[in-house]
Amino acid sequence: MNRSRMSNPTRSRLVDQLVFLDEQTTMYLNSYPSQQKIQVHKSIKQYVKILERLLELDDVNLVKTLSKVTVIGSNITICYEEEGSNEVFTVVLPTEIDPDQNRISLFSPIGNQLLSKSTGETFILQTPEAEYSVRIVGTALS
């Protein structure tokens, strides 16, 4: 990767995420039961592949794509299909969580399910209490 590409702060943030995931994922995964650990690890591997593809884009296409896909640092607006209500989450690194501000870890059950989702995508969001049909109505890198 050439030096001019690395001077882009958004690109640098994505590289920093790759480094964090490479260095810290195993530690966080060790806190999960084995079946859940497998699912979270699979999700993280998929996310790393997405980051690697994003980093291959030029700056214009990188910014355009980041407005459509959930990455660490994204504000994600979801619409609960049955209720028609919206909620905004920010998926963050574990060191940046703040439940009062809906800043959730990428390793949390909800954060992990939101990671890599695209604007317009509908899926079943599973929480400890219930399952909800939700649609991603917007993403924006904060």
# chains A, B, ... in the order shown; residues from 1 in each chain; ligands from 1
>>> residues_around(residues="range 23-36 of chain A", least_positions_apart="6", cutoff="10 Å", atoms="only C-alpha atoms", output="PyMOL selection string")
chain A and resi 17+42+44-45+94+107+109
>>> write_last_selection(atoms="C-alpha atoms", output="compact mmCIF listing (two decimals), in the first residue's frame")
# COMPACT_ATOMS: atom_id res chain seq x y z
CA GLN A 17 -9.08 -2.21 13.19
CA LYS A 42 -16.73 -16.75 11.81
CA ILE A 44 -14.94 -11.64 12.66
CA LYS A 45 -13.18 -13.55 9.86
CA PRO A 94 -14.61 -3.16 23.44
CA PHE A 107 -18.09 -8.74 20.31
CA PRO A 109 -24.43 -10.27 20.59
>>> select_by_dssp(residues="chain A", states="strand (DSSP E)", output="PyMOL selection string")
chain A and resi 74-80+85-92+103-105+122-126+131-141
>>> residues_around(residues="Pro99 in chain A", least_positions_apart="3", cutoff="12 Å", atoms="only C-alpha atoms", output="MDAnalysis selection string")
chainID A and resid 88:92 94 96 102:105 108 110:111
>>> closest_residue(among="A:Val19, A:Leu93, A:Ile124, A:Ala140", to="Thr65 in chain A", atoms="only C-alpha atoms")
A:Ala140
>>> residues_around(residues="Leu55 in chain A", least_positions_apart="6", cutoff="12 Å", atoms="only C-alpha atoms", output="list in words")
Met1, Asn2, Arg5, Met6, Asn8, Thr10, Arg11, Ser12, Arg13, Leu14, Val15, Asp16, Gln17, Leu18, Val48, Lys49, Asn61, Leu62, Val63, Thr65 and Leu66 of chain A
>>> residues_around(residues="Lys64 in chain A", least_positions_apart="6", cutoff="12 Å", atoms="only C-alpha atoms", output="list in words")
Thr10, Leu54, Leu57, Asp58, Thr139, Ala140 and Leu141 of chain A
>>> write_last_selection(atoms="N, CA, C and O atoms", output="PDB file, in the first residue's frame")
ATOM      1  N   THR A  10      -9.504   7.772   7.279  1.00  0.00           N
ATOM      2  CA  THR A  10     -10.475   6.677   7.284  1.00  0.00           C
ATOM      3  C   THR A  10      -9.770   5.365   6.976  1.00  0.00           C
ATOM      4  O   THR A  10      -9.992   4.348   7.644  1.00  0.00           O
ATOM      5  N   LEU A  54     -12.242  -3.514   1.269  1.00  0.00           N
ATOM      6  CA  LEU A  54     -12.439  -2.062   1.326  1.00  0.00           C
ATOM      7  C   LEU A  54     -11.125  -1.317   1.140  1.00  0.00           C
ATOM      8  O   LEU A  54     -11.071  -0.298   0.456  1.00  0.00           O
ATOM      9  N   LEU A  57      -9.945  -0.406  -2.336  1.00  0.00           N
ATOM     10  CA  LEU A  57     -10.658   0.623  -3.095  1.00  0.00           C
ATOM     11  C   LEU A  57      -9.900   1.952  -3.067  1.00  0.00           C
ATOM     12  O   LEU A  57      -9.185   2.239  -2.116  1.00  0.00           O
ATOM     13  N   ASP A  58     -10.136   2.773  -4.101  1.00  0.00           N
ATOM     14  CA  ASP A  58      -9.600   4.131  -4.054  1.00  0.00           C
ATOM     15  C   ASP A  58     -10.425   4.928  -3.041  1.00  0.00           C
ATOM     16  O   ASP A  58     -11.483   4.476  -2.589  1.00  0.00           O
ATOM     17  N   THR A 139     -26.472   3.742   7.536  1.00  0.00           N
ATOM     18  CA  THR A 139     -25.178   3.590   8.205  1.00  0.00           C
ATOM     19  C   THR A 139     -24.340   4.810   7.878  1.00  0.00           C
ATOM     20  O   THR A 139     -24.454   5.377   6.792  1.00  0.00           O
ATOM     21  N   ALA A 140     -23.551   5.226   8.841  1.00  0.00           N
ATOM     22  CA  ALA A 140     -22.648   6.357   8.621  1.00  0.00           C
ATOM     23  C   ALA A 140     -21.459   6.187   9.555  1.00  0.00           C
ATOM     24  O   ALA A 140     -21.634   5.906  10.733  1.00  0.00           O
ATOM     25  N   LEU A 141     -20.278   6.342   9.018  1.00  0.00           N
ATOM     26  CA  LEU A 141     -19.084   6.239   9.833  1.00  0.00           C
ATOM     27  C   LEU A 141     -18.985   7.470  10.701  1.00  0.00           C
ATOM     28  O   LEU A 141     -19.083   8.594  10.228  1.00  0.00           O
TER      29      LEU A 141
END
